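Next comes coords.cif, with mmCIF, C-alpha atoms.
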```cif
data_run
loop_
_atom_site.label_atom_id
_atom_site.label_comp_id
_atom_site.auth_asym_id
_atom_site.auth_seq_id
_atom_site.Cartn_x
_atom_site.Cartn_y
_atom_site.Cartn_z
CA MET H 1 -58.24 16.29 39.08
CA ASN H 2 -59.40 15.41 42.52
CA HIS H 3 -59.52 11.70 42.08
CA ILE H 4 -57.54 9.34 44.25
CA ASP H 5 -55.92 7.64 41.24
CA ASP H 6 -54.59 10.96 39.95
CA LYS H 7 -53.14 11.69 43.37
CA LEU H 8 -51.55 8.27 43.72
CA ALA H 9 -50.04 8.51 40.23
CA LYS H 10 -48.06 11.53 41.41
CA LEU H 11 -46.51 9.87 44.44
CA GLY H 12 -42.83 9.05 44.04
CA PRO H 13 -40.19 7.47 46.27
CA ILE H 14 -39.80 10.69 48.29
CA GLN H 15 -43.47 10.76 49.28
CA LEU H 16 -43.61 7.03 50.01
CA ASP H 17 -40.46 7.29 52.14
CA ALA H 18 -41.92 10.15 54.15
CA LEU H 19 -45.09 8.15 54.79
CA ARG H 20 -43.02 5.10 55.72
CA GLU H 21 -41.13 7.22 58.24
CA VAL H 22 -44.28 8.40 60.04
CA ALA H 23 -45.82 4.93 59.89
CA SER H 24 -42.67 3.52 61.38
CA ILE H 25 -42.69 5.88 64.35
CA GLY H 26 -46.40 5.24 64.83
CA ALA H 27 -45.94 1.49 64.91
CA GLY H 28 -42.96 1.94 67.23
CA ASN H 29 -45.19 3.80 69.68
CA ALA H 30 -47.83 1.10 69.44
CA ALA H 31 -45.21 -1.61 70.00
CA THR H 32 -44.07 0.18 73.16
CA SER H 33 -47.64 0.39 74.46
CA LEU H 34 -48.31 -3.27 73.78
CA SER H 35 -45.01 -4.22 75.34
CA GLU H 36 -45.94 -2.37 78.55
CA MET H 37 -49.40 -3.91 78.55
CA LEU H 38 -48.23 -7.49 78.13
CA ASN H 39 -44.82 -7.14 79.73
CA ASP H 40 -43.39 -8.74 76.62
CA LYS H 41 -40.73 -7.72 74.15
CA ILE H 42 -42.51 -6.48 71.04
CA GLN H 43 -40.70 -5.90 67.81
CA MET H 44 -41.69 -4.00 64.76
CA LYS H 45 -41.13 -4.88 61.13
CA VAL H 46 -40.10 -2.31 58.55
CA PRO H 47 -43.36 -0.73 57.34
CA LYS H 48 -44.58 -1.45 53.85
CA VAL H 49 -45.94 1.47 51.90
CA SER H 50 -47.18 0.56 48.48
CA ILE H 51 -49.64 1.47 45.78
CA LEU H 52 -51.61 -1.62 44.79
CA PRO H 53 -54.28 -2.30 42.19
CA ILE H 54 -57.54 -2.30 44.14
CA ASP H 55 -58.35 -5.94 43.28
CA LEU H 56 -55.27 -7.06 45.21
CA VAL H 57 -56.30 -5.29 48.43
CA PRO H 58 -58.47 -8.19 49.73
CA GLU H 59 -55.46 -10.49 49.28
CA ILE H 60 -52.96 -8.44 51.34
CA MET H 61 -53.24 -10.67 54.39
CA GLY H 62 -52.40 -13.88 52.59
CA GLY H 63 -55.78 -14.67 51.05
CA ALA H 64 -59.28 -13.23 51.04
CA ASP H 65 -60.58 -16.36 52.81
CA ASN H 66 -58.26 -16.17 55.84
CA LEU H 67 -60.03 -15.56 59.13
CA ILE H 68 -58.92 -12.52 61.08
CA ALA H 69 -60.04 -10.31 63.90
CA ALA H 70 -60.09 -6.66 62.96
CA ILE H 71 -60.77 -3.46 64.80
CA LEU H 72 -61.53 -0.38 62.75
CA VAL H 73 -61.08 3.01 64.32
CA ARG H 74 -62.31 5.92 62.27
CA ILE H 75 -60.40 9.15 62.63
CA MET H 76 -61.58 12.70 62.26
CA GLY H 77 -60.06 16.09 62.79
CA ASP H 78 -57.29 17.52 60.63
CA ILE H 79 -57.07 14.21 58.84
CA ASN H 80 -59.95 11.84 58.13
CA GLY H 81 -59.94 8.17 57.42
CA GLY H 82 -59.23 5.29 59.70
CA VAL H 83 -56.83 2.82 61.20
CA LEU H 84 -57.46 -0.89 60.86
CA PHE H 85 -55.76 -3.15 63.40
CA THR H 86 -55.81 -6.82 62.44
CA LEU H 87 -54.84 -10.01 64.24
CA GLY H 88 -54.78 -13.59 63.06
CA ASN H 89 -57.02 -15.98 65.02
CA ASN H 90 -54.18 -17.28 67.17
CA SER H 91 -52.90 -13.83 68.02
CA ALA H 92 -56.39 -12.63 68.89
CA ASN H 93 -56.98 -15.64 71.17
CA LYS H 94 -53.60 -15.17 72.81
CA LEU H 95 -54.09 -11.47 73.33
CA ILE H 96 -57.56 -11.84 74.84
CA SER H 97 -56.48 -14.60 77.18
CA LEU H 98 -53.48 -12.56 78.37
CA LEU H 99 -55.84 -9.69 79.15
CA ILE H 100 -58.69 -11.49 80.84
CA GLY H 101 -56.81 -14.51 82.19
CA GLU H 102 -58.96 -17.14 80.49
CA GLU H 103 -58.51 -19.25 77.42
CA VAL H 104 -60.77 -18.17 74.59
CA ASN H 105 -61.46 -19.28 71.07
CA ILE H 106 -62.56 -16.48 68.85
CA GLU H 107 -64.01 -18.98 66.36
CA ASP H 108 -66.80 -19.61 68.82
CA ASN H 109 -68.87 -16.56 69.46
CA ILE H 110 -66.95 -14.49 71.93
CA GLY H 111 -68.63 -12.65 74.78
CA GLU H 112 -68.91 -8.99 75.54
CA LEU H 113 -66.00 -9.02 77.98
CA GLU H 114 -63.63 -10.54 75.43
CA GLU H 115 -64.91 -8.20 72.76
CA SER H 116 -64.44 -5.08 74.83
CA ALA H 117 -60.97 -6.21 75.97
CA LEU H 118 -59.95 -6.52 72.34
CA LYS H 119 -61.47 -3.16 71.43
CA GLU H 120 -59.80 -1.50 74.37
CA VAL H 121 -56.36 -2.75 73.39
CA ALA H 122 -56.94 -1.71 69.82
CA ASN H 123 -58.00 1.69 71.07
CA ILE H 124 -54.82 2.14 73.09
CA LEU H 125 -52.55 0.85 70.33
CA THR H 126 -54.25 2.93 67.65
CA GLY H 127 -54.04 5.95 69.94
CA SER H 128 -50.32 5.60 70.47
CA ASN H 129 -49.85 4.93 66.78
CA LEU H 130 -51.75 8.08 65.85
CA ASN H 131 -49.84 10.14 68.40
CA ALA H 132 -46.84 9.88 66.12
CA PHE H 133 -48.92 11.31 63.30
CA SER H 134 -50.23 14.20 65.41
CA GLN H 135 -46.80 15.08 66.69
CA MET H 136 -44.87 14.80 63.45
CA LEU H 137 -47.52 16.58 61.42
CA ASP H 138 -48.53 18.97 64.20
CA ILE H 139 -52.21 18.21 63.77
CA LYS H 140 -55.20 17.13 65.82
CA ILE H 141 -56.56 13.64 65.27
CA MET H 142 -59.73 12.44 66.97
CA PRO H 143 -60.27 8.70 67.00
CA ASP H 144 -63.85 7.44 67.02
CA VAL H 145 -65.17 4.47 69.01
CA PRO H 146 -63.63 1.23 67.72
CA ALA H 147 -65.73 -1.35 65.84
CA LEU H 148 -64.84 -5.03 65.80
CA ALA H 149 -65.29 -7.77 63.21
CA HIS H 150 -64.15 -11.38 63.11
CA ASP H 151 -64.46 -12.56 59.56
CA MET H 152 -62.80 -13.18 56.21
CA ALA H 153 -59.79 -10.93 55.57
CA GLY H 154 -61.08 -10.03 52.12
CA ALA H 155 -64.45 -8.83 53.38
CA ILE H 156 -62.83 -6.75 56.12
CA LEU H 157 -60.16 -5.18 53.94
CA GLU H 158 -62.55 -4.34 51.12
CA VAL H 159 -64.92 -2.60 53.50
CA ALA H 160 -62.17 -0.69 55.29
CA PHE H 161 -60.63 0.60 52.08
CA ILE H 162 -63.90 1.32 50.29
CA GLU H 163 -65.69 2.99 53.18
CA LEU H 164 -62.79 5.21 54.07
CA GLY H 165 -62.70 6.67 50.61
CA GLN H 166 -59.91 4.87 48.83
CA ILE H 167 -62.11 3.84 45.98
CA GLY H 168 -59.88 4.40 43.01
CA ASP H 169 -58.46 1.73 40.73
CA TYR H 170 -55.44 1.80 43.02
CA ALA H 171 -55.07 1.98 46.78
CA LEU H 172 -52.33 3.36 48.98
CA VAL H 173 -51.51 0.67 51.51
CA ILE H 174 -49.56 1.75 54.59
CA GLU H 175 -48.94 -1.40 56.57
CA THR H 176 -46.92 -2.00 59.72
CA GLU H 177 -46.51 -5.19 61.65
CA ILE H 178 -45.67 -5.81 65.30
CA LEU H 179 -44.44 -9.14 66.66
CA GLY H 180 -44.05 -10.37 70.21
CA ASN H 181 -42.46 -13.36 71.96
CA LEU H 182 -45.87 -14.30 73.31
CA GLU H 183 -47.02 -14.82 69.75
CA VAL H 184 -49.23 -11.80 69.63
CA ASN H 185 -48.68 -10.40 66.15
CA GLY H 186 -50.76 -7.68 64.60
CA GLN H 187 -50.89 -5.38 61.61
CA PHE H 188 -51.90 -1.77 61.34
CA PHE H 189 -53.27 -0.26 58.17
CA VAL H 190 -53.39 3.51 58.16
CA ILE H 191 -55.99 4.61 55.63
CA PRO H 192 -56.26 8.36 55.03
CA ASN H 193 -58.97 9.65 52.72
CA PRO H 194 -57.67 11.35 49.54
CA GLU H 195 -57.86 14.94 50.87
CA SER H 196 -56.11 13.93 54.05
CA LEU H 197 -53.34 12.29 52.09
CA ASP H 198 -52.65 15.64 50.37
CA PHE H 199 -52.67 17.37 53.71
CA MET H 200 -50.29 14.85 55.28
CA LEU H 201 -47.83 15.15 52.43
CA LYS H 202 -47.93 18.94 52.67
CA ARG H 203 -47.21 18.81 56.39
CA LEU H 204 -44.37 16.39 55.76
CA GLY H 205 -42.94 18.90 53.31
CA VAL H 206 -43.20 16.58 50.33
CA ASP H 207 -46.44 17.71 48.66
CA VAL H 208 -46.71 16.98 44.98
CA ASP H 209 -48.81 19.88 43.63
CA MET O 1 -67.61 -37.42 34.70
CA LEU O 2 -66.78 -33.77 34.37
CA ILE O 3 -63.74 -32.42 36.05
CA SER O 4 -64.61 -29.01 37.39
CA ASN O 5 -62.37 -26.13 36.67
CA LYS O 6 -62.23 -23.44 39.35
CA ILE O 7 -62.15 -19.85 38.16
CA ARG O 8 -61.44 -17.11 40.72
CA VAL O 9 -63.18 -13.77 40.42
CA ARG O 10 -61.36 -10.99 42.25
CA MET O 11 -62.81 -7.78 43.59
CA ALA O 12 -63.80 -5.42 40.73
CA ASP O 13 -63.56 -8.28 38.27
CA LEU O 14 -65.91 -10.55 36.32
CA LYS O 15 -65.63 -13.95 34.64
CA VAL O 16 -67.74 -16.22 32.43
CA GLY O 17 -67.53 -20.03 32.44
CA LYS O 18 -68.92 -23.07 30.67
CA GLU O 19 -70.62 -26.17 32.08
CA SER O 20 -67.51 -27.71 33.65
CA ASP O 21 -66.52 -24.48 35.43
CA VAL O 22 -67.02 -23.32 39.00
CA LEU O 23 -66.81 -19.56 39.48
CA ILE O 24 -65.66 -18.44 42.93
CA THR O 25 -65.35 -15.08 44.63
CA SER O 26 -64.01 -14.89 48.18
CA GLY O 27 -64.58 -12.46 50.99
CA LEU O 28 -67.51 -10.36 49.85
CA GLY O 29 -68.01 -7.61 52.41
CA SER O 30 -69.95 -4.55 51.30
CA CYS O 31 -69.38 -5.65 47.69
CA VAL O 32 -72.07 -7.59 45.88
CA GLY O 33 -71.42 -10.84 44.06
CA LEU O 34 -73.81 -11.31 41.13
CA THR O 35 -74.23 -14.45 39.06
CA LEU O 36 -76.12 -14.64 35.77
CA TYR O 37 -76.86 -18.14 34.52
CA ASP O 38 -78.46 -19.68 31.42
CA SER O 39 -79.73 -23.11 32.45
CA ILE O 40 -80.14 -24.30 28.82
CA SER O 41 -76.59 -23.68 27.61
CA LYS O 42 -75.21 -24.06 31.16
CA ILE O 43 -73.13 -20.96 30.67
CA GLY O 44 -72.83 -18.66 33.65
CA GLY O 45 -70.97 -15.57 34.76
CA MET O 46 -70.06 -13.83 37.98
CA ALA O 47 -69.16 -10.24 38.90
CA HIS O 48 -67.68 -8.90 42.17
CA ILE O 49 -69.14 -5.39 42.25
CA MET O 50 -67.67 -2.69 44.51
CA LEU O 51 -69.85 0.37 43.99
CA PRO O 52 -73.31 1.27 42.65
CA GLU O 53 -72.54 3.38 39.61
CA PHE O 54 -69.82 4.62 37.35
CA PRO O 55 -69.06 8.22 38.41
CA SER O 56 -70.50 10.61 35.84
CA ASN O 57 -67.63 13.09 36.22
CA ARG O 58 -64.99 10.60 35.28
CA LYS O 59 -63.92 9.13 31.96
CA GLN O 60 -61.36 6.54 32.99
CA GLY O 61 -61.72 3.90 35.64
CA LYS O 62 -62.26 0.21 35.77
CA PRO O 63 -65.84 -0.47 34.55
CA GLU O 64 -65.90 -3.89 36.26
CA LYS O 65 -66.01 -2.06 39.60
CA TYR O 66 -69.44 -0.49 39.23
CA ALA O 67 -72.83 -2.23 39.11
CA ASP O 68 -74.11 -0.44 36.01
CA THR O 69 -71.06 -0.89 33.82
CA ALA O 70 -70.05 -4.31 35.18
CA ILE O 71 -73.47 -5.84 34.47
CA ASP O 72 -73.45 -4.59 30.87
CA ILE O 73 -70.03 -6.14 30.32
CA LEU O 74 -71.04 -9.39 32.03
CA ILE O 75 -74.12 -9.75 29.80
CA GLU O 76 -72.05 -9.01 26.70
CA GLU O 77 -69.44 -11.61 27.70
CA LEU O 78 -72.19 -14.17 28.32
CA ARG O 79 -73.66 -13.47 24.90
CA LYS O 80 -70.24 -13.89 23.29
CA ALA O 81 -69.76 -17.19 25.13
CA GLY O 82 -73.01 -18.51 23.66
CA ALA O 83 -75.56 -17.90 26.41
CA ASN O 84 -79.09 -16.88 25.47
CA ILE O 85 -79.71 -13.57 27.21
CA ARG O 86 -83.44 -14.30 27.48
CA ASN O 87 -82.71 -17.35 29.64
CA LEU O 88 -80.60 -15.51 32.18
CA GLU O 89 -81.47 -15.77 35.85
CA ALA O 90 -79.66 -13.87 38.59
CA LYS O 91 -78.50 -14.68 42.10
CA MET O 92 -76.77 -12.26 44.40
CA ALA O 93 -74.86 -12.22 47.67
CA GLY O 94 -73.02 -9.70 49.85
CA GLY O 95 -73.72 -6.05 50.55
CA ALA O 96 -72.98 -6.50 54.24
CA GLN O 97 -72.19 -3.85 56.78
CA MET O 98 -69.12 -5.40 58.38
CA PHE O 99 -68.48 -2.85 61.09
CA ASN O 100 -71.17 -1.54 63.36
CA PHE O 101 -70.30 1.93 64.54
CA SER O 102 -72.16 2.81 67.68
CA SER O 103 -71.57 6.50 67.08
CA SER O 104 -73.64 5.96 63.94
CA ASN O 105 -72.08 8.14 61.32
CA ASP O 106 -73.50 5.56 58.98
CA ARG O 107 -74.81 7.67 56.15
CA ILE O 108 -72.52 5.75 53.83
CA ARG O 109 -73.85 2.18 53.96
CA ILE O 110 -72.24 1.17 50.70
CA GLY O 111 -73.46 -2.41 51.06
CA ALA O 112 -77.12 -1.41 51.03
CA ARG O 113 -76.57 0.93 48.09
CA ASN O 114 -74.85 -1.83 46.13
CA ILE O 115 -77.78 -4.19 46.72
CA GLU O 116 -80.29 -1.55 45.60
CA ALA O 117 -78.30 -0.74 42.49
CA VAL O 118 -78.07 -4.36 41.38
CA GLU O 119 -81.76 -5.00 42.06
CA SER O 120 -82.82 -1.95 40.11
CA ILE O 121 -80.63 -2.82 37.11
CA MET O 122 -82.00 -6.40 37.10
CA ARG O 123 -85.55 -4.98 37.08
CA LYS O 124 -84.74 -2.71 34.15
CA LYS O 125 -83.18 -5.54 32.21
CA ARG O 126 -86.03 -7.88 33.16
CA ILE O 127 -83.67 -10.50 34.56
CA PRO O 128 -85.32 -12.28 37.51
CA ILE O 129 -83.37 -12.53 40.77
CA ILE O 130 -84.13 -16.10 41.89
CA GLY O 131 -81.88 -16.21 44.94
CA ALA O 132 -80.29 -13.72 47.31
CA GLU O 133 -78.24 -13.82 50.53
CA VAL O 134 -77.58 -10.16 51.22
CA GLY O 135 -77.18 -7.55 53.94
CA GLU O 136 -76.40 -8.41 57.59
CA ASN O 137 -72.92 -7.98 59.03
CA TYR O 138 -70.79 -10.87 57.85
CA GLY O 139 -68.52 -11.75 54.95
CA ARG O 140 -69.43 -14.29 52.29
CA THR O 141 -67.77 -16.47 49.71
CA MET O 142 -69.88 -17.24 46.63
CA GLU O 143 -69.50 -20.23 44.29
CA LEU O 144 -71.46 -20.81 41.08
CA TYR O 145 -71.56 -24.40 39.80
CA ASN O 146 -72.30 -24.07 36.11
CA ASN O 147 -73.23 -27.76 35.69
CA SER O 148 -76.27 -27.25 37.93
CA GLY O 149 -76.65 -23.49 38.30
CA GLU O 150 -76.41 -23.90 42.05
CA VAL O 151 -74.84 -21.11 44.04
CA VAL O 152 -73.23 -21.96 47.37
CA ILE O 153 -72.74 -19.24 49.98
CA LYS O 154 -70.10 -19.84 52.63
CA THR O 155 -69.74 -17.78 55.79
CA VAL O 156 -67.58 -18.02 58.90
CA LYS O 157 -70.22 -18.61 61.53
CA GLN O 158 -73.12 -20.21 59.68
CA ASP O 159 -73.76 -23.34 57.68
CA ASP O 160 -73.38 -23.17 53.90
CA ARG O 161 -76.46 -21.93 52.10
CA ILE O 162 -77.51 -23.06 48.66
CA LEU O 163 -79.30 -20.62 46.38
#
```
How does the structure come out when it is put into structure tokens?
Amino acid sequence: MNHIDDKLAKLGPIQLDALREVASIGAGNAATSLSEMLNDKIQMKVPKVSILPIDLVPEIMGGADNLIAAILVRIMGDINGGVLFTLGNNSANKLISLLIGEEVNIEDNIGELEESALKEVANILTGSNLNAFSQMLDIKIMPDVPALAHDMAGAILEVAFIELGQIGDYALVIETEILGNLEVNGQFFVIPNPESLDFMLKRLGVDVD
Amino acid sequence: MLISNKIRVRMADLKVGKESDVLITSGLGSCVGLTLYDSISKIGGMAHIMLPEFPSNRKQGKPEKYADTAIDILIEELRKAGANIRNLEAKMAGGAQMFNFSSSNDRIRIGARNIEAVESIMRKKRIPIIGAEVGENYGRTMELYNNSGEVVIKTVKQDDRIL
């Protein structure tokens, strides 16, 4: 019984609450980092932790057709999987222009400078987000080099969830959102692979087996 | 004048439509969209396939998710709807690698495996693939117009392509 669906079927409110708690601290850390970077007040929404039928995953961001910028950071170490950081077009444009001091439009092909600025921010935010996980779970997490895509939300979400091993009929979606006055809003999706989910729950003291 | 009826096909799902229908699947990433169309009866179907094959060690699971099981169901649904299986022609899209990891731990490449699986099943079933827009690193939306059999591929950064 090693399948992701069997694992997800066993998760109850206690497990989901524990995951929400870590996700919340992680997003709080990321909000603080972004706030220092932009010198803006960044707020965080209450994280959403839910178990969704897999066919709804591409729709999470308001429609599979919506254009987004997304940075995927794979993680290795005591837990494996990845963190997906997504921004709507406007937020991505705003964020890049605040960083490099020039107006950009991500719908045109963006250059290497803009691309690496975006990856770098994602790297820092994902890092501070994951710090919460390492500290609370007392584990080592090693983030890989970030990869960027600007495309349809559905295509990005399906790849992130499928490639990181959540390929059951259901998916565990851990989503946090940060919002700033400068209209830079972004979402984090923390996507552990099935074995890592077990490990995280054990470390949180709410394992199900 | 026919009024077209749009039918959405979600990930891990499949649908069959008649002449007045347009089948649409949005945001194909590493998944493969497959259409099978009978140009005589103008009945066509579409599947949004996630993975190459149904895992042998597992009894439950959504068969629409996997190339092997999804294609069998799609053909059966087309037959039930009145299509002649011998007339079927296939078109496919998707199977992209959306993220390019420089530290190349890219043994997975699910997109490429999905494309291979669908091609091999089509060969076995002797259904010709008469159009394909696959691979690369971008997302696609696929629309099948059953009145003509035309498939339109939409992407973010390129012009629409007609298969």
**Message:** To test your reading of the syntax: which residues would the PyMOL selection byres ((chain H and resi 15-26) around 9) return for the file shown? Reply as number ranges by chain.
**Reply:** H: 11-14, 27-31, 44-50, 126, 128-133, 136-137, 174-176, 190, 200-201, 204-208
**Request:** For chain H, report every residue with an atom at most 6 Å from chain O (counting all atoms listed in the file), formatted as JSON, numbers by chain.
**Result:** {"H": [55, 64, 65, 147, 152, 154, 155, 159]}
**Asked** In Å, with one decimal, what is the gap from CA of Asn105 (chain H) to CA of Ser91 (chain H)?
**Response** 10.6 Å
**Request:** Step by step, work through what the PyMOL selection byres ((chain H and resi 77) around 8) selects in the shown file, and finish by giving those residues as a ChimeraX atom specification.
**Result:** /H:75-76,78-80,140-142
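Among the candidates H:Lys119, H:Lys10, H:His150, H:Lys94, the one nearest to Glu107 (chain H) when counting all atoms listed in the file is H:His150.
The nearest approach to Glu116 (chain O) among the residues O:Ile153, O:Met142, O:Ala90, O:Ala67, with all atoms listed in the file taken into account, belongs to O:Ala67.
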**Request:** Using only C-alpha atoms, find the one residue out of H:Leu8, H:Phe161, H:Ser134, H:Ala149 that sits nearest to Ile110 (chain H).
**Result:** H:Ala149
Could you get me a file of region 169-178 of chain H with all heavy atoms, as a PDB file, in the first residue's frame, taken from the block above?
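Wrote it out as out.pdb, contents follow:
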```pdb
ATOM      1  N   ASP H 169      -4.829   9.482  -8.289  1.00  0.00           N
ATOM      2  CA  ASP H 169      -6.085  10.054  -8.763  1.00  0.00           C
ATOM      3  C   ASP H 169      -6.393  11.347  -8.001  1.00  0.00           C
ATOM      4  O   ASP H 169      -7.238  12.128  -8.398  1.00  0.00           O
ATOM      5  CB  ASP H 169      -7.235   9.059  -8.566  1.00  0.00           C
ATOM      6  CG  ASP H 169      -7.117   7.881  -9.534  1.00  0.00           C
ATOM      7  OD1 ASP H 169      -6.219   7.913 -10.392  1.00  0.00           O
ATOM      8  OD2 ASP H 169      -7.915   6.944  -9.417  1.00  0.00           O
ATOM      9  N   TYR H 170      -5.708  11.519  -6.895  1.00  0.00           N
ATOM     10  CA  TYR H 170      -5.860  12.730  -6.088  1.00  0.00           C
ATOM     11  C   TYR H 170      -4.497  13.369  -5.860  1.00  0.00           C
ATOM     12  O   TYR H 170      -3.480  12.699  -5.944  1.00  0.00           O
ATOM     13  CB  TYR H 170      -6.487  12.394  -4.725  1.00  0.00           C
ATOM     14  CG  TYR H 170      -7.915  11.954  -4.858  1.00  0.00           C
ATOM     15  CD1 TYR H 170      -8.223  10.623  -5.109  1.00  0.00           C
ATOM     16  CD2 TYR H 170      -8.951  12.871  -4.796  1.00  0.00           C
ATOM     17  CE1 TYR H 170      -9.538  10.212  -5.282  1.00  0.00           C
ATOM     18  CE2 TYR H 170     -10.261  12.478  -4.962  1.00  0.00           C
ATOM     19  CZ  TYR H 170     -10.559  11.152  -5.208  1.00  0.00           C
ATOM     20  OH  TYR H 170     -11.853  10.766  -5.380  1.00  0.00           O
ATOM     21  N   ALA H 171      -4.500  14.664  -5.572  1.00  0.00           N
ATOM     22  CA  ALA H 171      -3.248  15.350  -5.290  1.00  0.00           C
ATOM     23  C   ALA H 171      -3.403  16.171  -4.017  1.00  0.00           C
ATOM     24  O   ALA H 171      -4.467  16.739  -3.749  1.00  0.00           O
ATOM     25  CB  ALA H 171      -2.871  16.268  -6.442  1.00  0.00           C
ATOM     26  N   LEU H 172      -2.327  16.198  -3.240  1.00  0.00           N
ATOM     27  CA  LEU H 172      -2.290  17.045  -2.055  1.00  0.00           C
ATOM     28  C   LEU H 172      -1.785  18.411  -2.497  1.00  0.00           C
ATOM     29  O   LEU H 172      -0.680  18.534  -3.015  1.00  0.00           O
ATOM     30  CB  LEU H 172      -1.341  16.439  -1.015  1.00  0.00           C
ATOM     31  CG  LEU H 172      -1.051  17.307   0.210  1.00  0.00           C
ATOM     32  CD1 LEU H 172      -2.292  17.488   1.073  1.00  0.00           C
ATOM     33  CD2 LEU H 172       0.082  16.697   1.026  1.00  0.00           C
ATOM     34  N   VAL H 173      -2.617  19.431  -2.314  1.00  0.00           N
ATOM     35  CA  VAL H 173      -2.232  20.767  -2.759  1.00  0.00           C
ATOM     36  C   VAL H 173      -2.013  21.655  -1.533  1.00  0.00           C
ATOM     37  O   VAL H 173      -2.936  21.903  -0.759  1.00  0.00           O
ATOM     38  CB  VAL H 173      -3.311  21.370  -3.683  1.00  0.00           C
ATOM     39  CG1 VAL H 173      -2.904  22.773  -4.126  1.00  0.00           C
ATOM     40  CG2 VAL H 173      -3.533  20.479  -4.896  1.00  0.00           C
ATOM     41  N   ILE H 174      -0.766  22.065  -1.350  1.00  0.00           N
ATOM     42  CA  ILE H 174      -0.413  22.958  -0.240  1.00  0.00           C
ATOM     43  C   ILE H 174      -0.092  24.308  -0.871  1.00  0.00           C
ATOM     44  O   ILE H 174       0.935  24.474  -1.520  1.00  0.00           O
ATOM     45  CB  ILE H 174       0.822  22.420   0.531  1.00  0.00           C
ATOM     46  CG1 ILE H 174       0.561  20.988   1.020  1.00  0.00           C
ATOM     47  CG2 ILE H 174       1.161  23.346   1.700  1.00  0.00           C
ATOM     48  CD1 ILE H 174       1.776  20.311   1.651  1.00  0.00           C
ATOM     49  N   GLU H 175      -1.016  25.242  -0.724  1.00  0.00           N
ATOM     50  CA  GLU H 175      -0.895  26.504  -1.444  1.00  0.00           C
ATOM     51  C   GLU H 175      -0.885  27.683  -0.480  1.00  0.00           C
ATOM     52  O   GLU H 175      -1.722  27.779   0.406  1.00  0.00           O
ATOM     53  CB  GLU H 175      -2.096  26.643  -2.401  1.00  0.00           C
ATOM     54  CG  GLU H 175      -2.082  27.940  -3.184  1.00  0.00           C
ATOM     55  CD  GLU H 175      -3.351  28.165  -4.007  1.00  0.00           C
ATOM     56  OE1 GLU H 175      -4.270  27.309  -3.947  1.00  0.00           O
ATOM     57  OE2 GLU H 175      -3.434  29.203  -4.676  1.00  0.00           O
ATOM     58  N   THR H 176       0.082  28.578  -0.650  1.00  0.00           N
ATOM     59  CA  THR H 176       0.096  29.809   0.134  1.00  0.00           C
ATOM     60  C   THR H 176       0.213  30.989  -0.812  1.00  0.00           C
ATOM     61  O   THR H 176       0.754  30.870  -1.903  1.00  0.00           O
ATOM     62  CB  THR H 176       1.281  29.839   1.125  1.00  0.00           C
ATOM     63  OG1 THR H 176       2.461  29.447   0.437  1.00  0.00           O
ATOM     64  CG2 THR H 176       1.060  28.913   2.280  1.00  0.00           C
ATOM     65  N   GLU H 177      -0.331  32.104  -0.381  1.00  0.00           N
ATOM     66  CA  GLU H 177      -0.342  33.265  -1.252  1.00  0.00           C
ATOM     67  C   GLU H 177       0.209  34.468  -0.510  1.00  0.00           C
ATOM     68  O   GLU H 177      -0.123  34.700   0.647  1.00  0.00           O
ATOM     69  CB  GLU H 177      -1.783  33.524  -1.705  1.00  0.00           C
ATOM     70  CG  GLU H 177      -1.874  34.601  -2.759  1.00  0.00           C
ATOM     71  CD  GLU H 177      -3.261  34.685  -3.383  1.00  0.00           C
ATOM     72  OE1 GLU H 177      -4.167  33.916  -2.986  1.00  0.00           O
ATOM     73  OE2 GLU H 177      -3.440  35.559  -4.249  1.00  0.00           O
ATOM     74  N   ILE H 178       1.071  35.247  -1.177  1.00  0.00           N
ATOM     75  CA  ILE H 178       1.561  36.487  -0.575  1.00  0.00           C
ATOM     76  C   ILE H 178       1.146  37.675  -1.445  1.00  0.00           C
ATOM     77  O   ILE H 178       1.088  37.575  -2.672  1.00  0.00           O
ATOM     78  CB  ILE H 178       3.095  36.469  -0.344  1.00  0.00           C
ATOM     79  CG1 ILE H 178       3.849  36.154  -1.634  1.00  0.00           C
ATOM     80  CG2 ILE H 178       3.465  35.466   0.728  1.00  0.00           C
ATOM     81  CD1 ILE H 178       5.364  36.154  -1.474  1.00  0.00           C
TER      82      ILE H 178
END
```
